[in-house]
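Below is the file my_file_35.cif, which contains mmCIF, C-alpha atoms and all ligand atoms.
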data_run
#
loop_
_atom_site.label_atom_id
_atom_site.label_comp_id
_atom_site.auth_asym_id
_atom_site.auth_seq_id
_atom_site.Cartn_x
_atom_site.Cartn_y
_atom_site.Cartn_z
CA MET R 1 217.27 222.40 -36.99
CA SER R 2 214.79 219.57 -37.46
CA HIS R 3 215.39 216.95 -40.14
CA VAL R 4 211.79 215.75 -40.06
CA PHE R 5 209.89 216.45 -43.30
CA PRO R 6 206.73 217.96 -41.79
CA ARG R 7 203.33 218.13 -43.47
CA HIS R 8 203.33 221.94 -43.45
CA SER R 9 206.80 223.37 -43.47
CA LYS R 10 205.50 226.89 -42.69
CA LEU R 11 203.75 225.82 -39.49
CA ASN R 12 206.81 224.77 -37.51
CA PRO R 13 204.88 222.16 -35.50
CA PRO R 14 205.49 221.70 -31.78
CA VAL R 15 206.85 218.38 -30.52
CA ALA R 16 204.18 216.14 -28.98
CA VAL R 17 205.50 214.37 -25.90
CA GLY R 18 202.49 212.95 -24.10
CA GLY R 19 198.86 211.97 -24.28
CA GLU R 20 196.32 211.67 -21.45
CA GLY R 21 192.69 210.85 -22.12
CA CYS R 22 191.29 213.58 -24.39
CA TYR R 23 194.46 215.72 -24.25
CA LEU R 24 197.80 215.86 -26.04
CA ILE R 25 200.77 217.59 -24.41
CA ASP R 26 203.69 219.27 -26.18
CA SER R 27 207.31 219.70 -25.07
CA THR R 28 206.54 223.09 -23.48
CA GLY R 29 203.85 221.49 -21.31
CA LYS R 30 200.96 223.04 -23.26
CA ARG R 31 197.81 220.88 -23.31
CA TYR R 32 195.55 220.50 -26.34
CA LEU R 33 192.01 219.13 -26.21
CA ASP R 34 191.86 216.55 -29.02
CA GLY R 35 188.53 217.63 -30.50
CA SER R 36 189.03 215.73 -33.73
CA GLY R 37 190.84 212.62 -32.45
CA GLY R 38 193.67 213.73 -34.75
CA ALA R 39 191.82 212.90 -37.97
CA ALA R 40 189.01 210.81 -36.45
CA VAL R 41 191.54 208.29 -35.17
CA SER R 42 191.69 208.44 -31.37
CA CYS R 43 188.35 206.91 -30.44
CA LEU R 44 189.61 205.60 -27.07
CA GLY R 45 191.58 208.70 -26.15
CA HIS R 46 195.29 208.72 -25.35
CA GLY R 47 197.20 206.58 -22.88
CA ASP R 48 194.89 203.56 -22.77
CA LYS R 49 196.65 201.08 -20.49
CA GLU R 50 194.87 197.95 -21.73
CA VAL R 51 195.75 198.59 -25.37
CA ALA R 52 199.34 199.40 -24.42
CA ALA R 53 199.56 196.14 -22.43
CA ALA R 54 198.18 194.12 -25.34
CA ILE R 55 200.78 195.63 -27.66
CA LYS R 56 203.59 194.94 -25.22
CA ALA R 57 202.45 191.35 -24.69
CA GLN R 58 202.35 190.76 -28.45
CA ILE R 59 205.83 192.21 -29.00
CA ASP R 60 207.15 189.95 -26.25
CA THR R 61 205.50 186.93 -27.91
CA LEU R 62 205.85 187.52 -31.64
CA ALA R 63 206.64 190.83 -33.30
CA PHE R 64 206.56 189.82 -36.97
CA ALA R 65 205.84 186.87 -39.22
CA HIS R 66 205.58 187.52 -42.95
CA THR R 67 202.10 186.85 -44.41
CA GLY R 68 203.70 185.12 -47.35
CA PHE R 69 204.28 182.25 -44.93
CA PHE R 70 202.07 182.71 -41.88
CA THR R 71 198.92 184.08 -40.39
CA SER R 72 199.00 184.96 -36.68
CA GLU R 73 196.87 184.54 -33.57
CA PRO R 74 195.91 188.23 -33.19
CA ALA R 75 195.05 188.50 -36.90
CA GLU R 76 192.85 185.40 -36.65
CA ALA R 77 191.11 186.64 -33.51
CA LEU R 78 190.55 190.15 -34.84
CA ALA R 79 189.17 188.84 -38.14
CA ASP R 80 186.73 186.60 -36.22
CA LEU R 81 185.59 189.49 -34.03
CA LEU R 82 185.12 191.87 -36.95
CA ILE R 83 183.14 189.35 -38.99
CA GLU R 84 180.99 188.49 -35.96
CA HIS R 85 179.85 192.13 -35.82
CA ALA R 86 180.12 193.12 -39.49
CA PRO R 87 177.18 193.78 -41.84
CA ALA R 88 175.61 190.60 -43.23
CA GLY R 89 177.49 188.81 -45.97
CA LEU R 90 180.99 190.05 -45.15
CA ASP R 91 183.12 187.00 -44.51
CA ARG R 92 186.82 187.64 -44.98
CA VAL R 93 189.20 190.27 -43.63
CA TYR R 94 192.33 191.44 -45.42
CA PHE R 95 194.51 193.45 -43.03
CA VAL R 96 196.53 196.47 -44.14
CA SER R 97 198.36 199.32 -42.44
CA GLY R 98 196.04 202.28 -43.08
CA GLY R 99 193.12 203.78 -44.96
CA SER R 100 194.71 204.37 -48.35
CA GLU R 101 196.00 200.81 -48.37
CA ALA R 102 192.47 199.60 -47.62
CA THR R 103 190.86 201.51 -50.49
CA GLU R 104 193.67 200.61 -52.91
CA ALA R 105 193.22 196.96 -52.00
CA ALA R 106 189.45 197.27 -52.48
CA ILE R 107 189.85 198.69 -55.98
CA LYS R 108 192.31 195.98 -56.99
CA LEU R 109 190.18 193.25 -55.45
CA ALA R 110 187.12 194.44 -57.39
CA ARG R 111 189.13 194.41 -60.60
CA GLN R 112 190.65 190.97 -60.03
CA TYR R 113 187.23 189.56 -59.03
CA PHE R 114 185.74 190.47 -62.40
CA VAL R 115 188.79 189.30 -64.35
CA GLU R 116 188.67 185.91 -62.62
CA LYS R 117 184.89 185.77 -63.05
CA GLY R 118 185.35 186.07 -66.81
CA GLU R 119 184.07 189.65 -67.06
CA PRO R 120 187.32 191.49 -67.86
CA LYS R 121 185.54 194.41 -69.49
CA ARG R 122 184.34 195.53 -66.06
CA GLY R 123 187.11 197.94 -65.09
CA LYS R 124 185.41 201.26 -64.44
CA LEU R 125 184.91 202.74 -61.02
CA ILE R 126 182.26 205.29 -60.11
CA ALA R 127 182.80 207.47 -57.05
CA ARG R 128 181.52 210.85 -55.92
CA LYS R 129 182.56 214.46 -55.97
CA GLN R 130 183.32 215.79 -52.46
CA SER R 131 184.93 212.49 -51.43
CA TYR R 132 188.32 211.42 -50.15
CA HIS R 133 189.54 207.85 -50.36
CA GLY R 134 193.23 208.29 -49.62
CA ASN R 135 196.45 209.73 -50.96
CA THR R 136 198.16 206.90 -52.82
CA ILE R 137 197.71 207.44 -56.53
CA GLY R 138 194.93 204.85 -57.04
CA ALA R 139 192.99 206.02 -53.99
CA LEU R 140 193.52 209.61 -55.08
CA SER R 141 192.08 208.76 -58.50
CA ALA R 142 188.97 207.44 -56.75
CA GLY R 143 188.54 210.53 -54.57
CA GLY R 144 186.59 213.47 -55.92
CA ASN R 145 188.33 216.31 -54.15
CA GLU R 146 189.78 218.64 -56.78
CA TRP R 147 192.18 220.36 -54.40
CA ARG R 148 193.93 217.09 -53.62
CA ARG R 149 193.88 215.79 -57.20
CA ALA R 150 194.83 218.94 -59.06
CA GLN R 151 198.60 218.60 -59.22
CA PHE R 152 198.70 214.91 -60.03
CA GLY R 153 196.64 214.57 -63.15
CA PRO R 154 196.30 212.66 -65.34
CA LEU R 155 195.42 210.16 -62.64
CA LEU R 156 195.70 206.43 -63.09
CA LEU R 157 192.24 204.95 -62.98
CA ASP R 158 189.17 205.26 -65.10
CA VAL R 159 186.92 206.87 -62.48
CA SER R 160 183.86 209.03 -62.97
CA HIS R 161 182.48 211.19 -60.19
CA ILE R 162 178.77 211.72 -59.64
CA ASP R 163 177.20 214.30 -57.36
CA PRO R 164 177.29 213.41 -53.68
CA CYS R 165 174.25 213.11 -51.44
CA TYR R 166 174.48 216.51 -49.78
CA GLU R 167 171.20 217.82 -48.49
CA TYR R 168 172.39 221.22 -47.32
CA ARG R 169 173.45 222.28 -50.79
CA LEU R 170 171.72 219.98 -53.24
CA ARG R 171 168.21 219.29 -51.87
CA ARG R 172 165.57 221.50 -53.43
CA ASP R 173 163.31 223.47 -51.09
CA ASP R 174 160.20 221.74 -52.47
CA GLU R 175 161.68 218.25 -52.00
CA SER R 176 161.44 215.93 -48.96
CA ALA R 177 164.65 214.39 -47.63
CA GLU R 178 163.46 210.98 -48.89
CA ALA R 179 162.66 212.28 -52.37
CA TYR R 180 166.05 213.95 -52.50
CA GLY R 181 167.76 210.71 -51.39
CA LEU R 182 166.17 208.85 -54.31
CA ARG R 183 167.04 211.60 -56.78
CA ALA R 184 170.66 211.68 -55.57
CA ALA R 185 170.92 207.89 -55.92
CA GLN R 186 169.49 208.09 -59.45
CA ALA R 187 172.74 209.77 -60.49
CA LEU R 188 174.43 206.39 -60.04
CA GLU R 189 172.04 204.56 -62.33
CA ASP R 190 172.33 207.32 -64.93
CA GLU R 191 176.12 207.06 -64.86
CA ILE R 192 176.13 203.26 -65.07
CA LEU R 193 173.87 203.46 -68.13
CA ARG R 194 175.98 206.21 -69.70
CA LEU R 195 179.20 204.18 -69.27
CA GLY R 196 177.59 200.86 -70.22
CA PRO R 197 176.76 198.49 -67.34
CA GLU R 198 179.03 195.76 -68.67
CA THR R 199 182.05 198.06 -68.20
CA VAL R 200 181.42 199.14 -64.60
CA MET R 201 183.02 197.20 -61.76
CA ALA R 202 182.19 199.16 -58.60
CA PHE R 203 180.75 202.20 -56.89
CA MET R 204 182.76 203.59 -53.97
CA ALA R 205 181.41 205.97 -51.33
CA GLU R 206 181.78 207.03 -47.70
CA PRO R 207 178.52 206.47 -45.79
CA VAL R 208 179.12 209.70 -43.85
CA VAL R 209 181.54 211.94 -45.74
CA GLY R 210 184.36 213.09 -43.50
CA ALA R 211 187.47 215.10 -44.17
CA THR R 212 186.50 216.70 -47.45
CA ALA R 213 182.97 217.63 -46.49
CA GLY R 214 182.58 217.93 -42.72
CA ALA R 215 180.52 214.91 -41.61
CA VAL R 216 177.82 214.89 -44.27
CA PRO R 217 175.35 212.07 -43.63
CA PRO R 218 173.27 210.54 -46.43
CA ALA R 219 169.59 211.38 -46.90
CA PRO R 220 167.17 208.67 -45.71
CA GLY R 221 166.89 205.83 -48.21
CA TYR R 222 169.85 206.97 -50.33
CA PHE R 223 172.07 203.96 -49.67
CA ARG R 224 169.20 201.45 -49.88
CA ARG R 225 168.49 202.72 -53.39
CA ILE R 226 172.24 202.69 -54.20
CA ARG R 227 172.36 199.03 -53.12
CA GLU R 228 169.39 198.20 -55.37
CA ILE R 229 171.03 199.91 -58.34
CA CYS R 230 174.34 198.10 -57.77
CA ASP R 231 172.49 194.76 -57.56
CA LYS R 232 170.47 195.49 -60.70
CA TYR R 233 173.62 195.99 -62.80
CA GLY R 234 175.98 193.56 -61.02
CA VAL R 235 178.15 196.43 -59.79
CA LEU R 236 180.05 195.97 -56.50
CA LEU R 237 179.33 198.38 -53.66
CA ILE R 238 182.50 199.46 -51.85
CA LEU R 239 181.88 201.45 -48.67
CA ASP R 240 184.79 203.46 -47.31
CA GLU R 241 184.38 203.63 -43.54
CA VAL R 242 187.99 204.54 -42.91
CA MET R 243 186.88 207.68 -41.09
CA CYS R 244 183.25 207.05 -40.15
CA GLY R 245 183.58 203.41 -39.08
CA MET R 246 184.53 201.70 -35.80
CA GLY R 247 181.80 203.19 -33.67
CA ARG R 248 182.39 206.79 -34.67
CA THR R 249 178.80 207.40 -35.80
CA GLY R 250 177.24 205.55 -32.85
CA THR R 251 177.09 202.07 -34.42
CA LEU R 252 180.15 199.90 -34.96
CA PHE R 253 179.77 200.30 -38.73
CA ALA R 254 178.19 203.46 -40.12
CA CYS R 255 176.27 201.64 -42.85
CA GLU R 256 174.23 199.74 -40.23
CA GLN R 257 172.18 202.91 -39.79
CA ASP R 258 171.36 202.97 -43.49
CA GLY R 259 170.24 199.34 -43.60
CA VAL R 260 172.77 198.27 -46.23
CA ALA R 261 175.66 195.85 -46.41
CA PRO R 262 178.43 196.44 -48.95
CA ASP R 263 180.36 193.87 -50.98
CA ILE R 264 183.61 195.39 -49.75
CA LEU R 265 184.08 197.50 -46.62
CA CYS R 266 187.20 199.55 -45.81
CA ILE R 267 188.15 200.47 -42.25
CA ALA R 268 191.26 201.93 -40.59
CA LYS R 269 191.80 204.93 -38.26
CA GLY R 270 189.60 203.97 -35.29
CA LEU R 271 190.51 200.30 -35.72
CA GLY R 272 193.94 201.00 -34.28
CA ALA R 273 192.73 204.10 -32.39
CA GLY R 274 196.17 205.58 -33.00
CA TYR R 275 197.97 202.88 -31.03
CA GLN R 276 199.17 201.09 -34.16
CA PRO R 277 198.78 201.74 -37.89
CA VAL R 278 196.20 199.16 -38.93
CA GLY R 279 193.36 199.00 -41.42
CA ALA R 280 191.30 196.30 -43.06
CA MET R 281 189.26 195.45 -46.10
CA LEU R 282 186.32 193.12 -45.50
CA CYS R 283 184.73 191.28 -48.41
CA THR R 284 181.97 188.79 -49.12
CA ALA R 285 182.41 185.03 -49.42
CA ASP R 286 181.45 185.29 -53.11
CA ILE R 287 184.41 187.58 -53.85
CA TYR R 288 186.84 185.53 -51.78
CA ASP R 289 185.61 182.22 -53.19
CA THR R 290 185.87 183.46 -56.77
CA LEU R 291 189.56 184.17 -56.29
CA ALA R 292 190.06 181.01 -54.24
CA ALA R 293 188.54 178.88 -56.99
CA GLY R 294 190.49 180.77 -59.67
CA SER R 295 194.08 181.83 -59.24
CA GLY R 296 193.90 181.24 -55.49
CA PHE R 297 195.93 184.36 -55.00
CA PHE R 298 195.00 188.02 -54.54
CA GLN R 299 197.60 189.77 -56.67
CA HIS R 300 198.36 192.32 -54.00
CA GLY R 301 200.15 192.66 -50.65
CA HIS R 302 202.60 194.74 -48.67
CA THR R 303 205.35 193.70 -46.27
CA TYR R 304 203.44 194.73 -43.15
CA ILE R 305 199.92 193.48 -43.91
CA GLY R 306 198.43 191.46 -41.07
CA HIS R 307 201.21 192.63 -38.74
CA PRO R 308 200.89 190.76 -35.42
CA VAL R 309 201.45 193.83 -33.24
CA ALA R 310 199.12 196.01 -35.30
CA THR R 311 196.37 193.38 -35.28
CA ALA R 312 196.90 192.80 -31.53
CA ALA R 313 196.32 196.52 -31.02
CA GLY R 314 193.21 196.39 -33.25
CA LEU R 315 191.91 193.43 -31.27
CA ALA R 316 192.39 195.27 -27.96
CA VAL R 317 190.70 198.37 -29.41
CA VAL R 318 187.63 196.50 -30.71
CA ARG R 319 187.35 194.60 -27.42
CA ALA R 320 187.49 197.93 -25.57
CA LEU R 321 184.88 199.51 -27.85
CA LEU R 322 182.50 196.60 -27.36
CA GLY R 323 183.37 195.58 -23.79
CA ARG R 324 183.26 199.09 -22.31
CA GLY R 325 180.07 200.11 -24.10
CA LEU R 326 181.91 202.86 -25.94
CA VAL R 327 179.92 202.62 -29.17
CA GLY R 328 176.72 203.41 -27.27
CA ARG R 329 178.57 206.18 -25.48
CA ALA R 330 179.63 207.65 -28.85
CA ALA R 331 175.96 207.73 -29.81
CA ARG R 332 174.87 209.39 -26.53
CA GLN R 333 177.72 211.86 -26.13
CA GLY R 334 177.39 212.61 -29.83
CA GLU R 335 173.84 213.84 -29.18
CA THR R 336 175.16 216.00 -26.33
CA LEU R 337 177.83 217.41 -28.63
CA MET R 338 175.19 218.14 -31.27
CA ARG R 339 173.00 219.92 -28.70
CA LYS R 340 175.89 222.03 -27.45
CA LEU R 341 176.93 222.94 -31.00
CA THR R 342 173.36 223.89 -31.86
CA GLU R 343 173.00 226.02 -28.70
CA ARG R 344 176.29 227.77 -29.39
CA PHE R 345 176.27 228.10 -33.18
CA GLY R 346 172.66 227.52 -34.26
CA GLN R 347 172.01 231.23 -34.74
CA HIS R 348 175.54 232.22 -35.71
CA PRO R 349 175.45 234.46 -38.80
CA HIS R 350 178.26 232.46 -40.45
CA VAL R 351 177.21 228.92 -39.56
CA GLY R 352 175.07 227.49 -42.34
CA ASP R 353 174.74 223.88 -41.23
CA ILE R 354 175.51 221.69 -38.22
CA ARG R 355 175.33 217.97 -39.00
CA GLY R 356 176.69 214.47 -38.61
CA ARG R 357 176.10 211.38 -36.52
CA GLY R 358 177.42 210.25 -33.15
CA MET R 359 180.91 211.51 -32.45
CA PHE R 360 181.32 212.63 -36.04
CA ARG R 361 180.04 216.18 -36.43
CA GLY R 362 180.58 219.01 -38.88
CA ILE R 363 179.88 222.72 -39.08
CA GLU R 364 179.69 224.39 -42.48
CA LEU R 365 180.68 228.05 -42.52
CA VAL R 366 179.14 230.51 -44.95
CA ALA R 367 179.55 234.17 -45.79
CA ASP R 368 175.76 234.52 -45.88
CA ARG R 369 173.31 232.20 -44.13
CA ASP R 370 170.35 233.13 -46.34
CA THR R 371 172.00 232.60 -49.71
CA LYS R 372 174.43 229.90 -48.40
CA ALA R 373 177.18 231.76 -50.27
CA PRO R 374 180.56 230.37 -49.22
CA PHE R 375 183.44 232.58 -48.14
CA ASP R 376 185.86 233.76 -50.77
CA PRO R 377 188.48 230.95 -50.89
CA GLY R 378 191.19 233.63 -50.73
CA LYS R 379 190.04 234.48 -47.20
CA GLY R 380 191.37 231.11 -46.02
CA VAL R 381 188.74 230.76 -43.28
CA ALA R 382 189.36 227.08 -42.53
CA GLY R 383 193.11 227.54 -42.20
CA LYS R 384 192.65 230.50 -39.88
CA ILE R 385 190.25 228.55 -37.64
CA LYS R 386 192.71 225.67 -37.41
CA LYS R 387 195.51 228.04 -36.38
CA ALA R 388 193.44 230.03 -33.86
CA ALA R 389 192.01 226.85 -32.31
CA PHE R 390 195.45 225.29 -31.98
CA GLU R 391 196.78 228.42 -30.30
CA ALA R 392 193.85 228.25 -27.88
CA GLY R 393 194.65 224.59 -27.14
CA LEU R 394 192.05 222.86 -29.29
CA ILE R 395 192.74 220.36 -32.05
CA CYS R 396 189.92 220.38 -34.61
CA TYR R 397 189.85 219.56 -38.32
CA PRO R 398 188.84 222.53 -40.46
CA MET R 399 189.06 222.11 -44.25
CA SER R 400 188.27 224.32 -47.17
CA GLY R 401 186.34 222.96 -50.10
CA THR R 402 183.01 221.22 -49.98
CA ILE R 403 181.24 220.00 -53.09
CA ASP R 404 183.90 220.86 -55.65
CA GLY R 405 186.88 220.87 -53.31
CA LYS R 406 187.49 224.51 -54.17
CA THR R 407 184.87 226.61 -52.42
CA GLY R 408 183.36 226.42 -48.95
CA ASP R 409 184.75 225.86 -45.48
CA HIS R 410 183.84 223.43 -42.73
CA VAL R 411 185.10 222.16 -39.40
CA LEU R 412 185.08 218.46 -38.57
CA LEU R 413 184.80 217.39 -34.93
CA ALA R 414 185.52 213.81 -33.90
CA PRO R 415 186.55 213.66 -30.23
CA PRO R 416 187.42 210.50 -28.32
CA PHE R 417 184.28 208.61 -27.23
CA ILE R 418 185.32 208.99 -23.59
CA ILE R 419 184.92 212.77 -23.66
CA GLU R 420 183.05 214.27 -20.68
CA ASP R 421 180.42 217.00 -20.75
CA ALA R 422 182.79 219.62 -19.28
CA GLN R 423 185.31 218.87 -22.04
CA LEU R 424 182.57 219.28 -24.65
CA ASP R 425 181.99 222.75 -23.14
CA GLU R 426 185.71 223.47 -23.42
CA LEU R 427 185.58 222.31 -27.05
CA THR R 428 182.65 224.57 -28.01
CA ASP R 429 184.10 227.56 -26.09
CA LYS R 430 187.47 227.30 -27.81
CA LEU R 431 185.90 226.66 -31.21
CA ALA R 432 183.74 229.77 -30.79
CA LEU R 433 186.86 231.83 -30.03
CA ALA R 434 188.63 230.40 -33.08
CA ILE R 435 185.70 231.13 -35.40
CA GLU R 436 185.47 234.71 -34.13
CA ALA R 437 189.21 235.16 -34.64
CA ALA R 438 189.09 233.78 -38.18
CA ILE R 439 186.08 235.57 -39.69
N1 LIG R 501 189.31 207.09 -46.77
C1 LIG R 501 188.78 208.05 -46.00
C2 LIG R 501 187.29 208.22 -45.97
C3 LIG R 501 189.59 208.89 -45.23
O1 LIG R 501 189.05 209.85 -44.48
C4 LIG R 501 190.99 208.69 -45.26
C5 LIG R 501 191.89 209.55 -44.48
O2 LIG R 501 191.54 210.60 -44.01
C6 LIG R 501 191.50 207.67 -46.08
C7 LIG R 501 190.64 206.89 -46.81
C8 LIG R 501 192.98 207.43 -46.14
O3 LIG R 501 193.44 206.92 -44.95
P1 LIG R 501 194.98 207.01 -44.55
O4 LIG R 501 195.27 208.46 -44.30
O5 LIG R 501 195.09 206.17 -43.32
O6 LIG R 501 195.76 206.46 -45.68
#
How would this structure read if it were set down as structure tokens?
Ligand code: PLP
Amino acid sequence: MSHVFPRHSKLNPPVAVGGEGCYLIDSTGKRYLDGSGGAAVSCLGHGDKEVAAAIKAQIDTLAFAHTGFFTSEPAEALADLLIEHAPAGLDRVYFVSGGSEATEAAIKLARQYFVEKGEPKRGKLIARKQSYHGNTIGALSAGGNEWRRAQFGPLLLDVSHIDPCYEYRLRRDDESAEAYGLRAAQALEDEILRLGPETVMAFMAEPVVGATAGAVPPAPGYFRRIREICDKYGVLLILDEVMCGMGRTGTLFACEQDGVAPDILCIAKGLGAGYQPVGAMLCTADIYDTLAAGSGFFQHGHTYIGHPVATAAGLAVVRALLGRGLVGRAARQGETLMRKLTERFGQHPHVGDIRGRGMFRGIELVADRDTKAPFDPGKGVAGKIKKAAFEAGLICYPMSGTIDGKTGDHVLLAPPFIIEDAQLDELTDKLALAIEAAI
């Protein structure tokens, strides 16, 4: 009997013993095509020798030095590399061990910034429905997914959730994508005014919404208008690129494609590519300098932040992404994936929408294409697809719940950037089988 506390005790998960390129292998020898990179983590694929060598070299040199006393060479080098390529204005990197730690740190940094700036009334956070920002209790408070929040209320933070930017369900037929983008962004200004601008500290959003929505990209102009509104009221813009960042959408940072730079940017997942648990929060010089000139101390921190081995892995991953041209490859192979999905599922009676950017794609499933009516949640479509795909040797990321986290089903696809055309065919074939089995 296993003593591991698994995520789903009813699933009796197999034991993973190996990884090769785009495949994972279990203890029976069965191979699984990693069509979602786990949860949009494995951007380089499995078994990357250069990353493994960098980790080994770092362990041999220095495994750990507490950040209460030291910084380290890999942390310094990775911070330099990230800032060199980051959206304009971002200047400092605070390393953490994962996505929830990055968003928690962002929320606390925003709060401390305003306290030290002499604006302590600014404590409210605005986020969006249909979002996920992590599972620790602060990050969970920020997320707008009802299914995840339901059992834990009342949550800790004062967060309000506006409608997301979600063309498939919220754009009117008589509205252009641009007009819809502006209308969706207006919800932020309305909420800031309703709460009182002097009480709002930040707006948090994923540029391309991942796990809880199935790769929903913003409408054109949405984030530029969001940036203007944040600037108008002195509200910080926090972008959560934990899932969609690190090349996944075809540019190193997803927000580059929307022409905006945030005040705080959260990354994780693809930063370590699964080789080490590592995430980061990037912030502007203004935020850093405000704390530096004030208390001089960010009232935060965990034992393993800035871990030398984790940051050495992150450094090797970012060097691989940039040095091997893998971000451009994610953009190109992402278009191939989109074409194959459209050929295979474009006319499918239960596929309402196929969307996303780069190697970050989603399919929304509906009971009726014309009315866009979702499946009855009791039917458990997403769960059945996950099970059938896994049996067929495909790892994908189906979830139920779209705008309200209660109704709707979608499948998220986020394969390694190294995936070949033939493996994309295998992915679409196995996904088609799983969808047929589930509906
Ligand atoms: N933010 C986003 C957008 C995510 O998709 C996730 C995880 O899926 C998180 C935060 C939390 O990251 P982690 O699971 O590493 O804590």
Name the closest residue to ligand LIG 501 (chain R) among the candidates R:Ala213, R:Val200, R:Leu195, R:Leu11; distances are taken between atoms, counting all atoms listed in the file.
R:Ala213
Non-local contacts of range 362-367 of chain R (10 Å; all atoms listed in the file; under 2 positions in same chain excluded) as a PyMOL selection string
chain R and resi 168+209-211+213-217+338+341-342+345-346+348-357+359-360+369-376+381-382+397-400+402+408-414+435+439
Using the selection just defined, write its residues with C-alpha atoms as a PDB file, in the coordinates of the input.
ATOM      1  CA  TYR R 168     172.390 221.220 -47.320  1.00  0.00           C
ATOM      2  CA  VAL R 209     181.540 211.940 -45.740  1.00  0.00           C
ATOM      3  CA  GLY R 210     184.360 213.090 -43.500  1.00  0.00           C
ATOM      4  CA  ALA R 211     187.470 215.100 -44.170  1.00  0.00           C
ATOM      5  CA  ALA R 213     182.970 217.630 -46.490  1.00  0.00           C
ATOM      6  CA  GLY R 214     182.580 217.930 -42.720  1.00  0.00           C
ATOM      7  CA  ALA R 215     180.520 214.910 -41.610  1.00  0.00           C
ATOM      8  CA  VAL R 216     177.820 214.890 -44.270  1.00  0.00           C
ATOM      9  CA  PRO R 217     175.350 212.070 -43.630  1.00  0.00           C
ATOM     10  CA  MET R 338     175.190 218.140 -31.270  1.00  0.00           C
ATOM     11  CA  LEU R 341     176.930 222.940 -31.000  1.00  0.00           C
ATOM     12  CA  THR R 342     173.360 223.890 -31.860  1.00  0.00           C
ATOM     13  CA  PHE R 345     176.270 228.100 -33.180  1.00  0.00           C
ATOM     14  CA  GLY R 346     172.660 227.520 -34.260  1.00  0.00           C
ATOM     15  CA  HIS R 348     175.540 232.220 -35.710  1.00  0.00           C
ATOM     16  CA  PRO R 349     175.450 234.460 -38.800  1.00  0.00           C
ATOM     17  CA  HIS R 350     178.260 232.460 -40.450  1.00  0.00           C
ATOM     18  CA  VAL R 351     177.210 228.920 -39.560  1.00  0.00           C
ATOM     19  CA  GLY R 352     175.070 227.490 -42.340  1.00  0.00           C
ATOM     20  CA  ASP R 353     174.740 223.880 -41.230  1.00  0.00           C
ATOM     21  CA  ILE R 354     175.510 221.690 -38.220  1.00  0.00           C
ATOM     22  CA  ARG R 355     175.330 217.970 -39.000  1.00  0.00           C
ATOM     23  CA  GLY R 356     176.690 214.470 -38.610  1.00  0.00           C
ATOM     24  CA  ARG R 357     176.100 211.380 -36.520  1.00  0.00           C
ATOM     25  CA  MET R 359     180.910 211.510 -32.450  1.00  0.00           C
ATOM     26  CA  PHE R 360     181.320 212.630 -36.040  1.00  0.00           C
ATOM     27  CA  ARG R 369     173.310 232.200 -44.130  1.00  0.00           C
ATOM     28  CA  ASP R 370     170.350 233.130 -46.340  1.00  0.00           C
ATOM     29  CA  THR R 371     172.000 232.600 -49.710  1.00  0.00           C
ATOM     30  CA  LYS R 372     174.430 229.900 -48.400  1.00  0.00           C
ATOM     31  CA  ALA R 373     177.180 231.760 -50.270  1.00  0.00           C
ATOM     32  CA  PRO R 374     180.560 230.370 -49.220  1.00  0.00           C
ATOM     33  CA  PHE R 375     183.440 232.580 -48.140  1.00  0.00           C
ATOM     34  CA  ASP R 376     185.860 233.760 -50.770  1.00  0.00           C
ATOM     35  CA  VAL R 381     188.740 230.760 -43.280  1.00  0.00           C
ATOM     36  CA  ALA R 382     189.360 227.080 -42.530  1.00  0.00           C
ATOM     37  CA  TYR R 397     189.850 219.560 -38.320  1.00  0.00           C
ATOM     38  CA  PRO R 398     188.840 222.530 -40.460  1.00  0.00           C
ATOM     39  CA  MET R 399     189.060 222.110 -44.250  1.00  0.00           C
ATOM     40  CA  SER R 400     188.270 224.320 -47.170  1.00  0.00           C
ATOM     41  CA  THR R 402     183.010 221.220 -49.980  1.00  0.00           C
ATOM     42  CA  GLY R 408     183.360 226.420 -48.950  1.00  0.00           C
ATOM     43  CA  ASP R 409     184.750 225.860 -45.480  1.00  0.00           C
ATOM     44  CA  HIS R 410     183.840 223.430 -42.730  1.00  0.00           C
ATOM     45  CA  VAL R 411     185.100 222.160 -39.400  1.00  0.00           C
ATOM     46  CA  LEU R 412     185.080 218.460 -38.570  1.00  0.00           C
ATOM     47  CA  LEU R 413     184.800 217.390 -34.930  1.00  0.00           C
ATOM     48  CA  ALA R 414     185.520 213.810 -33.900  1.00  0.00           C
ATOM     49  CA  ILE R 435     185.700 231.130 -35.400  1.00  0.00           C
ATOM     50  CA  ILE R 439     186.080 235.570 -39.690  1.00  0.00           C
TER      51      ILE R 439
END
Find the axis-aligned box for ligand LIG 501 (chain R), covering all its listed atoms and adding 8 Å on each side, and write its centre and edge lengths in Å to one decimal as lines of an AutoDock Vina configuration file.
center_x = 191.5
center_y = 208.4
center_z = -45.1
size_x = 24.5
size_y = 20.4
size_z = 19.5
Collect all residues with atoms no farther than 6 Å from ligand LIG 501 (chain R), counting only C-alpha atoms and all ligand atoms, and output them as an NGL selection string.
:R and (98-100 or 132-134 or 206 or 210-211 or 240-243)
Which residue of R:Glu104, R:Glu76, R:Glu167, R:Glu198 approaches Ala184 in chain R most closely, using only C-alpha atoms:
R:Glu167
Which one of R:Pro74, R:Gly334, R:Gly279, R:Pro87 sits closest to Leu62 in chain R if you count only C-alpha atoms?
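Once distances to Leu62 in chain R are computed over only C-alpha atoms, the minimum belongs to R:Pro74.
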For a quick check of understanding, using all atoms listed in the file, which of R:Glu20, R:Asp258, R:Asp404, R:Glu343 has the smallest distance to Trp147 in chain R?
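Looking only at the distances to Trp147 in chain R, the closest residue turns out to be R:Asp404.
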